[in-house]
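**Student:** File name coords-v4.cif; file contents mmCIF, C-alpha atoms and all ligand atoms; full text below.
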```
data_data
loop_
_atom_site.group_PDB
_atom_site.id
_atom_site.type_symbol
_atom_site.label_atom_id
_atom_site.label_comp_id
_atom_site.auth_asym_id
_atom_site.auth_seq_id
_atom_site.Cartn_x
_atom_site.Cartn_y
_atom_site.Cartn_z
ATOM 1 C CA MET A 1 0.000 0.000 0.000
ATOM 2 C CA GLY A 2 1.464 3.341 -1.039
ATOM 3 C CA VAL A 3 1.552 6.453 1.097
ATOM 4 C CA HIS A 4 -0.028 9.445 -0.621
ATOM 5 C CA LEU A 5 1.115 12.900 0.372
ATOM 6 C CA PRO A 6 -0.358 16.151 -0.946
ATOM 7 C CA ALA A 7 1.988 18.643 -2.582
ATOM 8 C CA GLN A 8 2.664 21.560 -0.301
ATOM 9 C CA GLY A 9 3.385 25.168 -1.063
ATOM 10 C CA GLY A 10 4.056 28.392 0.786
ATOM 11 C CA ASP A 11 5.270 28.224 4.362
ATOM 12 C CA ALA A 12 4.394 24.530 4.596
ATOM 13 C CA ALA A 13 6.835 23.726 1.793
ATOM 14 C CA CYS A 14 9.432 26.473 1.918
ATOM 15 C CA GLY A 15 9.395 27.747 5.508
ATOM 16 C CA ALA A 16 11.187 30.946 4.535
ATOM 17 C CA THR A 17 8.885 33.330 6.349
ATOM 18 C CA ILE A 18 11.026 35.791 8.196
ATOM 19 C CA GLY A 19 13.459 36.542 5.371
ATOM 20 C CA GLY A 20 10.737 38.560 3.676
ATOM 21 C CA MET A 21 10.432 35.833 1.022
ATOM 22 C CA GLY A 22 7.352 34.176 2.513
ATOM 23 C CA THR A 23 4.785 35.758 0.217
ATOM 24 C CA GLY A 24 6.999 35.246 -2.826
ATOM 25 C CA THR A 25 7.631 31.582 -2.077
ATOM 26 C CA ALA A 26 3.894 31.088 -1.432
ATOM 27 C CA VAL A 27 2.982 32.549 -4.829
ATOM 28 C CA VAL A 28 5.748 30.737 -6.715
ATOM 29 C CA ALA A 29 4.902 27.435 -4.989
ATOM 30 C CA ALA A 30 1.289 27.801 -6.109
ATOM 31 C CA TYR A 31 2.083 28.821 -9.693
ATOM 32 C CA VAL A 32 4.579 26.060 -10.484
ATOM 33 C CA PRO A 33 2.649 22.966 -9.331
ATOM 34 C CA ALA A 34 -0.514 24.299 -11.005
ATOM 35 C CA GLY A 35 1.370 24.830 -14.259
ATOM 36 C CA GLU A 36 3.139 21.466 -14.036
ATOM 37 C CA LEU A 37 -0.112 19.621 -13.297
ATOM 38 C CA ALA A 38 -1.706 21.238 -16.337
ATOM 39 C CA ARG A 39 1.341 20.491 -18.488
ATOM 40 C CA ALA A 40 1.429 16.830 -17.346
ATOM 41 C CA GLY A 41 -2.294 16.405 -18.035
ATOM 42 C CA GLY A 42 -3.018 15.860 -14.326
ATOM 43 C CA ASP A 43 -0.293 13.228 -13.786
ATOM 44 C CA HIS A 44 0.720 14.314 -10.279
ATOM 45 C CA ARG A 45 3.777 12.046 -10.107
ATOM 46 C CA THR A 46 5.376 13.783 -13.064
ATOM 47 C CA ALA A 47 4.124 17.228 -12.025
ATOM 48 C CA PHE A 48 5.262 17.057 -8.390
ATOM 49 C CA ALA A 49 8.653 15.620 -9.323
ATOM 50 C CA ARG A 50 9.226 18.554 -11.687
ATOM 51 C CA TYR A 51 7.896 21.010 -9.088
ATOM 52 C CA GLU A 52 10.444 19.773 -6.579
ATOM 53 C CA TRP A 53 13.264 19.740 -9.121
ATOM 54 C CA LEU A 54 12.459 23.287 -10.272
ATOM 55 C CA LEU A 55 11.970 24.885 -6.857
ATOM 56 C CA ARG A 56 14.122 22.985 -4.340
ATOM 57 C CA PRO A 57 17.296 25.108 -4.890
ATOM 58 C CA PHE A 58 15.255 28.343 -4.709
ATOM 59 C CA ALA A 59 13.461 27.217 -1.522
ATOM 60 C CA GLN A 60 16.755 26.208 0.085
ATOM 61 C CA ARG A 61 18.297 29.600 -0.711
ATOM 62 C CA CYS A 62 15.259 31.342 0.776
ATOM 63 C CA GLN A 63 15.426 29.179 3.920
ATOM 64 C CA LYS A 64 19.079 30.042 4.433
ATOM 65 C CA GLY A 65 18.253 33.726 3.965
ATOM 66 C CA GLY A 66 15.447 33.332 6.491
ATOM 67 C CA ASP A 67 17.807 31.819 9.071
ATOM 68 C CA ARG A 68 20.156 34.782 8.782
ATOM 69 C CA THR A 69 17.357 37.351 8.809
ATOM 70 C CA GLY A 70 15.751 35.740 11.844
ATOM 71 C CA ARG A 71 18.952 36.014 13.852
ATOM 72 C CA PHE A 72 19.355 39.611 12.679
ATOM 73 C CA PHE A 73 15.819 40.745 13.556
ATOM 74 C CA ALA A 74 15.508 38.763 16.799
ATOM 75 C CA PRO A 75 19.037 38.640 18.205
ATOM 76 C CA ARG A 76 19.837 36.755 21.366
ATOM 77 C CA TRP A 77 21.808 39.581 22.986
ATOM 78 C CA ALA A 78 21.126 43.292 23.623
ATOM 79 C CA ILE A 79 24.193 44.285 21.608
ATOM 80 C CA GLY A 80 22.669 42.511 18.607
ATOM 81 C CA ALA A 81 19.477 44.551 18.992
ATOM 82 C CA ARG A 82 21.467 47.789 19.222
ATOM 83 C CA THR A 83 23.501 46.853 16.113
ATOM 84 C CA ARG A 84 20.300 45.977 14.229
ATOM 85 C CA ASP A 85 18.644 49.286 15.164
ATOM 86 C CA ALA A 86 21.735 51.257 14.173
ATOM 87 C CA MET A 87 21.918 49.465 10.805
ATOM 88 C CA LEU A 88 18.233 49.976 10.053
ATOM 89 C CA ARG A 89 18.634 53.728 10.592
ATOM 90 C CA ARG A 90 21.192 53.922 7.744
ATOM 91 C CA PRO A 91 19.473 54.035 4.318
ATOM 92 C CA ALA A 92 22.617 52.921 2.443
ATOM 93 C CA LEU A 93 22.950 49.786 4.609
ATOM 94 C CA LEU A 94 19.236 49.093 4.279
ATOM 95 C CA ALA A 95 19.543 49.312 0.472
ATOM 96 C CA LEU A 96 22.488 46.868 0.582
ATOM 97 C CA MET A 97 20.484 44.382 2.644
ATOM 98 C CA LEU A 98 17.515 44.617 0.288
ATOM 99 C CA ARG A 99 19.807 44.046 -2.714
ATOM 100 C CA ALA A 100 21.287 40.951 -1.029
ATOM 101 C CA GLY A 101 17.738 39.669 -0.476
ATOM 102 C CA GLU A 102 16.898 40.144 -4.159
ATOM 103 C CA GLN A 103 19.900 37.998 -5.159
ATOM 104 C CA VAL A 104 18.780 35.185 -2.844
ATOM 105 C CA ALA A 105 15.178 35.311 -4.051
ATOM 106 C CA GLY A 106 15.767 35.325 -7.822
ATOM 107 C CA VAL A 107 14.267 32.372 -9.673
ATOM 108 C CA ASP A 108 13.623 31.624 -13.339
ATOM 109 C CA LEU A 109 10.097 30.335 -13.754
ATOM 110 C CA PRO A 110 8.657 28.402 -16.678
ATOM 111 C CA THR A 111 5.997 30.074 -18.781
ATOM 112 C CA TYR A 112 2.936 27.862 -18.948
ATOM 113 C CA PRO A 113 0.384 28.040 -21.724
ATOM 114 C CA PRO A 114 -2.971 29.593 -20.796
ATOM 115 C CA ALA A 115 -5.357 27.015 -19.292
ATOM 116 C CA ALA A 116 -7.716 27.158 -22.284
ATOM 117 C CA ALA A 117 -4.859 26.180 -24.619
ATOM 118 C CA LEU A 118 -4.314 22.947 -22.654
ATOM 119 C CA ASP A 119 -7.845 21.588 -23.190
HETATM 120 C C1 LIG A 201 4.728 39.308 11.296
HETATM 121 C C2 LIG A 201 4.985 38.755 9.919
HETATM 122 C C3 LIG A 201 5.516 39.590 8.956
HETATM 123 C C4 LIG A 201 5.762 39.097 7.675
HETATM 124 N N1 LIG A 201 6.290 39.941 6.750
HETATM 125 C C5 LIG A 201 6.496 39.490 5.513
HETATM 126 C C6 LIG A 201 7.011 40.372 4.502
HETATM 127 O O1 LIG A 201 7.269 41.553 4.731
HETATM 128 N N2 LIG A 201 7.218 39.873 3.261
HETATM 129 C C7 LIG A 201 6.925 38.578 2.963
HETATM 130 O O2 LIG A 201 7.102 38.183 1.810
HETATM 131 N N3 LIG A 201 6.451 37.723 3.885
HETATM 132 C C8 LIG A 201 6.223 38.144 5.148
HETATM 133 N N4 LIG A 201 5.747 37.284 6.096
HETATM 134 C C9 LIG A 201 5.551 35.885 5.753
HETATM 135 C C10 LIG A 201 4.259 35.656 4.981
HETATM 136 O O3 LIG A 201 3.167 36.257 5.661
HETATM 137 C C11 LIG A 201 4.039 34.133 4.881
HETATM 138 O O4 LIG A 201 5.244 33.509 4.452
HETATM 139 C C12 LIG A 201 2.920 33.814 3.892
HETATM 140 O O5 LIG A 201 1.708 34.377 4.358
HETATM 141 C C13 LIG A 201 2.788 32.306 3.752
HETATM 142 O O6 LIG A 201 1.627 32.022 3.021
HETATM 143 P P1 LIG A 201 0.955 30.606 3.149
HETATM 144 O O7 LIG A 201 -0.249 30.652 2.258
HETATM 145 O O8 LIG A 201 1.951 29.531 2.898
HETATM 146 O O9 LIG A 201 0.561 30.437 4.677
HETATM 147 P P2 LIG A 201 -0.508 31.272 5.528
HETATM 148 O O10 LIG A 201 -0.641 32.673 5.036
HETATM 149 O O11 LIG A 201 -0.113 31.020 6.955
HETATM 150 O O12 LIG A 201 -1.875 30.542 5.204
HETATM 151 C C14 LIG A 201 -2.182 29.252 5.721
HETATM 152 C C15 LIG A 201 -3.681 29.190 5.934
HETATM 153 O O13 LIG A 201 -4.064 27.844 6.257
HETATM 154 C C16 LIG A 201 -4.974 27.891 7.334
HETATM 155 N N5 LIG A 201 -4.880 26.584 8.012
HETATM 156 C C17 LIG A 201 -3.891 26.116 8.808
HETATM 157 N N6 LIG A 201 -4.156 24.871 9.227
HETATM 158 C C18 LIG A 201 -5.346 24.537 8.679
HETATM 159 C C19 LIG A 201 -6.179 23.369 8.750
HETATM 160 N N7 LIG A 201 -5.836 22.294 9.426
HETATM 161 N N8 LIG A 201 -7.329 23.388 8.056
HETATM 162 C C20 LIG A 201 -7.693 24.462 7.330
HETATM 163 N N9 LIG A 201 -6.968 25.607 7.228
HETATM 164 C C21 LIG A 201 -5.797 25.631 7.897
HETATM 165 C C22 LIG A 201 -4.546 29.062 8.188
HETATM 166 O O14 LIG A 201 -5.611 29.514 8.975
HETATM 167 C C23 LIG A 201 -4.164 30.084 7.107
HETATM 168 O O15 LIG A 201 -5.263 30.847 6.663
HETATM 169 C C24 LIG A 201 5.471 37.736 7.383
HETATM 170 C C25 LIG A 201 4.934 36.904 8.368
HETATM 171 C C26 LIG A 201 4.699 37.405 9.619
HETATM 172 C C27 LIG A 201 4.092 36.491 10.662
#
```
Translate this structure into structure tokens?

**Tutor:**
Amino acid sequence: MGVHLPAQGGDAACGATIGGMGTGTAVVAAYVPAGELARAGGDHRTAFARYEWLLRPFAQRCQKGGDRTGRFFAPRWAIGARTRDAMLRRPALLALMLRAGEQVAGVDLPTYPPAAALD
């Protein structure tokens, strides 16, 4: 008897919430399995395998970014909180951090045909 697991998306699949990627990973992890299911004619084995292959490296990068961001925003020590506050008051440093986040979160997504074209 096989074990059947549903495909997961968003926080359940990527768990990259606090890096500021949570909404992005949720949207991407809804778009890709939907597109792959349509492309595979509903064959979930093919679709979910491709979903994982396409998004695993992206999700792992986002998770790593989330780990770092979590420690930055919720530091263990008071000095960490003071450093964080000082950094967030400097627009140039803030811009650098946002740029670093963009590099982590970049992902090339397939273009799927419109649903009507798949019928
Ligand atoms: C304080 C805070 C700030 C954030 N800021 C940002 C930000 O600036 N940028 C960003 O990109 N992301 C941010 N995030 C993360 C982002 O909100 C989440 O990553 C994103 O909402 C995940 O979407 P999701 O659909 O996977 O999960 P959710 O939005 O958590 O949706 C899951 C849904 O499932 C429902 N549910 C759970 N269990 C069951 C069940 N058994 N049966 C039925 N329904 C169930 C829940 O009620 C919920 O409605 C932030 C998160 C927090 C908490």

**Student:** Extending 5 Å beyond the listed atoms of segment 42-53 of chain A on each side, what axis-aligned box results? I want centre and edge lengths in Å to one decimal, as AutoDock Vina command-line options.

**Tutor:**
```
--center_x 5.1 --center_y 16.5 --center_z -10.5 --size_x 26.3 --size_y 19.0 --size_z 17.7
```

**Student:** Please report the interatomic distance between atom C12 of ligand LIG 201 (chain A) and atom CA of Phe48 of chain A in Å with one decimal.

**Tutor:**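 Calculated distance between atom C12 of ligand LIG 201 (chain A) and atom CA of Phe48 of chain A is 20.9 Å.
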
**Student:** Have a look at A:Gly15, A:Asp43, A:Ala7, A:Phe73 and name the one nearest to ligand LIG 201 (chain A); count all atoms listed in the file.

**Tutor:**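 Nearest to ligand LIG 201 (chain A): A:Gly15.
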
**Student:** Figure out the distance between atom CA of Gly101 of chain A and atom O2 of ligand LIG 201 (chain A), please, to one decimal in Å.

**Tutor:**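 Between atom O2 of ligand LIG 201 (chain A) and atom CA of Gly101 of chain A the gap works out to 11.0 Å.
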
**Student:** List all protein, DNA and RNA residues that have at least one atom no more than 10 Å from any atom of ligand LIG 201 (chain A), counting only C-alpha atoms and all ligand atoms, and write them as a count of residues only.

**Tutor:** 22

**Student:** Between A:Pro33, A:Pro110, A:Pro91, A:Gly65, which residue has the minimum interatomic distance to Glu52 of chain A, considering all atoms listed in the file?

**Tutor:**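 The answer is A:Pro33, which sits nearest to Glu52 of chain A.
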
**Student:** Counting only C-alpha atoms, which residue out of A:Ala115, A:Ala86, A:Ala38, A:Val28 sits closest to Arg56 of chain A?

**Tutor:** A:Val28

**Student:** Got a sec: who's within 10 Å of Arg39 of chain A, counting only C-alpha atoms, leaving out chain neighbours fewer than 3 positions off, as a list in words?

**Tutor:** Pro33, Ala34, Gly35, Glu36, Gly42, Asp43, Thr46, Ala47, Tyr112, Pro113, Ala115 and Leu118 of chain A

**Student:** What is the distance, in Å and to one decimal place, between atom CA of Cys62 of chain A and atom CA of Pro75 of chain A?

**Tutor:** 19.3 Å

**Student:** Restricting the calculation to only C-alpha atoms, which member of A:Ile79, A:Ala74, A:Ala40, A:Leu55 is positioned closest to Leu109 of chain A?

**Tutor:** A:Leu55

**Student:** For the structure provided, state which residues fall under the PyMOL selection byres (((chain A and resi 107) around 10) and not hetatm), and present them as a PyMOL selection string.

**Tutor:** chain A and resi 28+54-55+57-59+102-106+108-110

**Student:** Could you add N, CA and C atoms to segment 56-68 of chain A and give me the result as a PDB file, in the coordinates of the input?

**Tutor:**
```
ATOM      1  N   ARG A  56      13.349  23.329  -5.544  1.00  0.00           N
ATOM      2  CA  ARG A  56      14.122  22.985  -4.340  1.00  0.00           C
ATOM      3  C   ARG A  56      15.314  23.939  -4.124  1.00  0.00           C
ATOM      4  N   PRO A  57      16.147  24.211  -5.139  1.00  0.00           N
ATOM      5  CA  PRO A  57      17.296  25.108  -4.890  1.00  0.00           C
ATOM      6  C   PRO A  57      16.859  26.511  -4.454  1.00  0.00           C
ATOM      7  N   PHE A  58      15.791  27.025  -5.065  1.00  0.00           N
ATOM      8  CA  PHE A  58      15.255  28.343  -4.709  1.00  0.00           C
ATOM      9  C   PHE A  58      14.769  28.330  -3.258  1.00  0.00           C
ATOM     10  N   ALA A  59      13.990  27.293  -2.886  1.00  0.00           N
ATOM     11  CA  ALA A  59      13.461  27.217  -1.522  1.00  0.00           C
ATOM     12  C   ALA A  59      14.609  27.113  -0.513  1.00  0.00           C
ATOM     13  N   GLN A  60      15.634  26.353  -0.855  1.00  0.00           N
ATOM     14  CA  GLN A  60      16.755  26.208   0.085  1.00  0.00           C
ATOM     15  C   GLN A  60      17.497  27.533   0.265  1.00  0.00           C
ATOM     16  N   ARG A  61      17.650  28.278  -0.834  1.00  0.00           N
ATOM     17  CA  ARG A  61      18.297  29.600  -0.711  1.00  0.00           C
ATOM     18  C   ARG A  61      17.456  30.512   0.178  1.00  0.00           C
ATOM     19  N   CYS A  62      16.151  30.490  -0.025  1.00  0.00           N
ATOM     20  CA  CYS A  62      15.259  31.342   0.776  1.00  0.00           C
ATOM     21  C   CYS A  62      15.307  30.937   2.244  1.00  0.00           C
ATOM     22  N   GLN A  63      15.360  29.640   2.523  1.00  0.00           N
ATOM     23  CA  GLN A  63      15.426  29.179   3.920  1.00  0.00           C
ATOM     24  C   GLN A  63      16.710  29.667   4.588  1.00  0.00           C
ATOM     25  N   LYS A  64      17.811  29.568   3.850  1.00  0.00           N
ATOM     26  CA  LYS A  64      19.079  30.042   4.433  1.00  0.00           C
ATOM     27  C   LYS A  64      19.005  31.532   4.725  1.00  0.00           C
ATOM     28  N   GLY A  65      18.431  32.283   3.764  1.00  0.00           N
ATOM     29  CA  GLY A  65      18.253  33.726   3.965  1.00  0.00           C
ATOM     30  C   GLY A  65      17.378  33.993   5.182  1.00  0.00           C
ATOM     31  N   GLY A  66      16.338  33.177   5.348  1.00  0.00           N
ATOM     32  CA  GLY A  66      15.447  33.332   6.491  1.00  0.00           C
ATOM     33  C   GLY A  66      16.165  33.091   7.809  1.00  0.00           C
ATOM     34  N   ASP A  67      17.044  32.101   7.841  1.00  0.00           N
ATOM     35  CA  ASP A  67      17.807  31.819   9.071  1.00  0.00           C
ATOM     36  C   ASP A  67      18.632  33.040   9.478  1.00  0.00           C
ATOM     37  N   ARG A  68      19.307  33.607   8.484  1.00  0.00           N
ATOM     38  CA  ARG A  68      20.156  34.782   8.782  1.00  0.00           C
ATOM     39  C   ARG A  68      19.295  35.962   9.236  1.00  0.00           C
TER      40      ARG A  68
END
```
